[in-house]
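> The structure under discussion is supplied below as structure tokens; questions concerning it will follow.
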Amino acid sequence: MKAISWNLLRLTGAGVEDVAGLVERHHPDLLFLQEAIEEMADLPALVGGYFFRQPLEGRIYGLAVWSPHPLPRPYALRLPVSQVPGRVPPRVAQIVQLGEVTFANVHLSHGQFLNRWQLMHIANALDGPAAIVGDYNAVGPIKLAGFKDVGPRQSTHSPNDIISFRLDRCMARGLRCSYARVLARGSSDHHPILLKLHTLPVVQASDRLVTAHVRRPMLRVSVERWLRVVREAPARIRVRQTVLEALDPKLRKAKRGKAKRPSSESNDITARLRVEDRARSEIR
């Protein structure tokens with residue numbers, strides 16, 4: 001499936017015609033929007049499809065998703081908020097289901113501890129193959145158990161001509177990304193990001209389905225070999241001890257043979273000296 005995410009920059013950024021143009025150029029299966037104003041509800045009139053918008057409390061904008069495919073109505077997942085005085089209104093994630101994959105459309109808080117906490121909260125709420133995509137407002141690397149950063153590595157946000165950040169990201173579980181690209185910025189201060197995502201194969205393990213992570217088969221084979229060696233180590237040690245015990249008499253015999261050879265040589269030397277002494281005495 002092809003997914004695009006774009007922060008539109010509220011009233012002063014990209015308009016509904018800009019978004020429609022993006023759809024017509026790239027034909028995504030899912031289009032996630034952040035800072036989408038009410039005007040974006042006109043998108044189906046321009047390109048067809050299905051559109052859902054989730055307003056954010058205390059703001060003129062919200063999260064939105066568009067797809068050419070029928071979608072179950074998304075729901076809002078409330079996110080953790082800061083407890084400090086003067087905190088901003090709470091944020092939510094828009095949870096979207098397409099087939100067997102669950103997506104979370106996000107516009108996270110600016111606090112670097114808070115947005116990591118929000119990500120953990122979202123990850124714990126999602127089951128099966130899933131992706132968290134949108135404006136993370138996060139700077140630096142992110143570690144999220146079970147998820148991998150599959151988005152493009154280029155900068156996506158340019159508030160001025162001096163510095164830029166990679167704020168728009170996608171972290172996925174049970175999905176493989178074959179293509180990730182930063183698109184032209186357009187009228188917003190954020191670049192859209194485009195991803196081609198594929199579900200990983202599912203195998204039957206006992207009574208439940210488990211996603212088979214097959215991206216690194218050689219690593220998996222090495223780990224399995226190492227585990228097998230560890231499990232069989234006691235047996236190998238016993239076999240090695242048995243072999244050494246069987247060889248031990250032969251080793252002792254070989255040592256005795258080596259010990260005898262020096263003694264016979266010394267006897268020969270002693271006998272030779274005696275003959276030489278006897279010969280000298282006869283000459284005298």
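By convention in this document, the chains of the structure tokens carry letters A, B, ... by their order, each chain's residues are numbered from 1, and ligands are numbered from 1 in the order they are shown.
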What's around Ala41 (chain A) at 10 Å? Count only C-alpha atoms, leave out sequence neighbours fewer than 3 positions away in its own chain, and write the answer as a VMD selection string.

chain A and resid 16 36 to 38 44 to 45 50 to 53 64 66

> Going by DSSP on the backbone, which bits of region 21-232 of chain A are alpha helix (DSSP H)? Write them as a PyMOL selection string, please.

chain A and resi 21-26+43-47+112-125+217-232

> Could you write out the selected residues, including C-alpha atoms, as a CSV table (one decimal), in the first residue's frame?


chain,number,residue,atom,x,y,z
A,21,GLY,CA,-3.2,17.9,-6.7
A,22,LEU,CA,-1.0,15.7,-4.4
A,23,VAL,CA,-3.6,12.9,-4.7
A,24,GLU,CA,-3.8,13.1,-8.4
A,25,ARG,CA,0.0,13.0,-8.8
A,26,HIS,CA,0.7,10.0,-6.5
A,43,LEU,CA,-11.6,17.0,-0.8
A,44,PRO,CA,-13.9,14.1,-1.8
A,45,ALA,CA,-15.8,16.6,-4.1
A,46,LEU,CA,-12.5,17.1,-6.0
A,47,VAL,CA,-11.0,13.6,-6.1
A,112,GLN,CA,10.8,15.6,23.8
A,113,PHE,CA,9.9,13.5,26.9
A,114,LEU,CA,6.2,14.0,26.3
A,115,ASN,CA,6.1,13.0,22.7
A,116,ARG,CA,8.1,9.8,23.5
A,117,TRP,CA,5.6,9.0,26.2
A,118,GLN,CA,2.8,9.6,23.7
A,119,LEU,CA,4.4,7.2,21.3
A,120,MET,CA,4.7,4.5,23.9
A,121,HIS,CA,1.0,5.0,24.7
A,122,ILE,CA,0.0,4.6,21.1
A,123,ALA,CA,2.2,1.5,20.5
A,124,ASN,CA,0.6,-0.2,23.5
A,125,ALA,CA,-2.9,0.5,22.2
A,217,PRO,CA,17.4,-14.6,7.5
A,218,MET,CA,21.1,-15.0,7.9
A,219,LEU,CA,21.0,-13.3,11.3
A,220,ARG,CA,18.2,-15.5,12.4
A,221,VAL,CA,20.1,-18.6,11.2
A,222,SER,CA,23.1,-17.5,13.2
A,223,VAL,CA,21.1,-16.9,16.3
A,224,GLU,CA,19.4,-20.3,16.0
A,225,ARG,CA,22.8,-22.0,15.5
A,226,TRP,CA,24.2,-20.3,18.6
A,227,LEU,CA,21.1,-21.3,20.7
A,228,ARG,CA,21.5,-24.9,19.5
A,229,VAL,CA,25.2,-24.9,20.5
A,230,VAL,CA,24.3,-23.5,24.0
A,231,ARG,CA,21.6,-26.2,24.4
A,232,GLU,CA,23.9,-29.0,23.4

> Just checking: using only C-alpha atoms, which residue out of A:Ala20, A:Ala3, A:Leu30, A:Val92 ends up closest to Pro55 (chain A)?

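Looking at the shortest contact to Pro55 (chain A), the residue is A:Val92.
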
> Within 7 Å of region 145-150 of chain A, counting only C-alpha atoms, which residues show up once you throw out same-chain ones fewer than 4 positions away? Write them as a VMD selection string, please.

chain A and resid 170 to 173 177

> Show me, as number ranges by chain, the residues that have an atom within 7 Å of Arg181 (chain A) when counting only C-alpha atoms, minus same-chain residues fewer than 5 positions from it.

A: 152, 193-195

> Suppose you want the space between CA of Glu39 (chain A) and CA of Ser155 (chain A); what is it in Å?

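About the pair CA of Glu39 (chain A) and CA of Ser155 (chain A): they are 27.7 Å apart.
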
> Could you list, as a PyMOL selection string, every residue within 9 Å of Arg153 (chain A), counting only C-alpha atoms and ignoring same-chain residues fewer than 3 positions away?

chain A and resi 150+156+166+169+180-182

> Restricting it to C-alpha atoms, dump the selection as a CSV table (one decimal), in the first residue's frame.


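Once everything was written out, this is part28.csv:
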chain,number,residue,atom,x,y,z
A,150,VAL,CA,11.0,3.2,8.2
A,156,THR,CA,11.0,17.4,6.3
A,166,ARG,CA,13.2,15.6,10.3
A,169,ARG,CA,8.2,10.1,10.4
A,180,ALA,CA,10.4,6.1,1.3
A,181,ARG,CA,10.7,9.6,-0.2
A,182,VAL,CA,10.4,13.2,0.8

> Can you pull out the residues contacting His69 (chain A)? Cut-off 12 Å, using only C-alpha atoms, and skip same-chain residues under 4 positions away; I want them as a ChimeraX atom specification.

/A:1,27-31,44,48-51,65,97-99

> Those residues you just picked out, can you put them in a file as a PDB file, in the first residue's frame with C-alpha atoms?


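Result written to part.pdb:
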ATOM      1  CA  MET A   1       0.000   0.000   0.000  1.00  0.00           C
ATOM      2  CA  HIS A  27      -2.581   8.113  -6.072  1.00  0.00           C
ATOM      3  CA  PRO A  28      -2.047   7.021  -2.454  1.00  0.00           C
ATOM      4  CA  ASP A  29      -4.070   4.325  -0.723  1.00  0.00           C
ATOM      5  CA  LEU A  30      -4.008   6.450   2.438  1.00  0.00           C
ATOM      6  CA  LEU A  31      -3.395  10.167   2.866  1.00  0.00           C
ATOM      7  CA  PRO A  44     -13.930  14.144  -1.836  1.00  0.00           C
ATOM      8  CA  GLY A  48     -13.695  11.298  -4.738  1.00  0.00           C
ATOM      9  CA  GLY A  49     -12.891   8.767  -2.048  1.00  0.00           C
ATOM     10  CA  TYR A  50     -13.595   8.775   1.664  1.00  0.00           C
ATOM     11  CA  PHE A  51     -12.596  11.484   4.137  1.00  0.00           C
ATOM     12  CA  VAL A  65      -7.397  10.886   6.622  1.00  0.00           C
ATOM     13  CA  GLN A  97      -7.917   0.565   9.974  1.00  0.00           C
ATOM     14  CA  LEU A  98      -7.132  -0.521   6.385  1.00  0.00           C
ATOM     15  CA  GLY A  99      -7.380  -4.268   5.917  1.00  0.00           C
TER      16      GLY A  99
END

> Using only C-alpha atoms, which residues sit within 8 Å of Ser158 (chain A) once same-chain residues fewer than 6 positions away are excluded, as JSON, numbers by chain?

{"A": [164, 165, 189, 190]}

> With C-alpha atoms retained, write the just-selected residues as an mmCIF file, in the first residue's frame.


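The resulting file, result19.cif, is reproduced below:
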data_model
loop_
_atom_site.group_PDB
_atom_site.id
_atom_site.type_symbol
_atom_site.label_atom_id
_atom_site.label_comp_id
_atom_site.auth_asym_id
_atom_site.auth_seq_id
_atom_site.Cartn_x
_atom_site.Cartn_y
_atom_site.Cartn_z
ATOM 1 C CA SER A 164 15.669 22.131 9.148
ATOM 2 C CA PHE A 165 14.422 19.064 11.027
ATOM 3 C CA ASP A 189 6.391 24.513 5.871
ATOM 4 C CA HIS A 190 6.452 20.692 5.982
#

> With only C-alpha atoms as the atoms that count, which of A:Glu57, A:Lys2, A:Gln34, A:Pro141 lies nearest to Arg176 (chain A)?

A:Lys2

> Of the candidates A:Ala184, A:Leu71, A:Val139, A:Leu11, which shows the shortest atom-to-atom distance to Leu108 (chain A), using only C-alpha atoms?

A:Val139

> Provide the CA of Gly15 (chain A) to CA of Ala131 (chain A) distance in Å, to one decimal place.

26.0 Å

> From a DSSP calculation on the backbone, collect every residue of region 8-233 of chain A in strand (DSSP E or B) and output the set as a PyMOL selection string.

chain A and resi 30-36+50-55+62-67+75-78+92-98+101-107+130-135+148-149+157+165+168-173+175-182+190+193-199+202-205+208-211

> Report the distance between CA of His157 (chain A) and CA of Phe103 (chain A) in Å, rounded to one decimal place.

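Spanning CA of His157 (chain A) to CA of Phe103 (chain A) is a straight-line distance of 22.0 Å.
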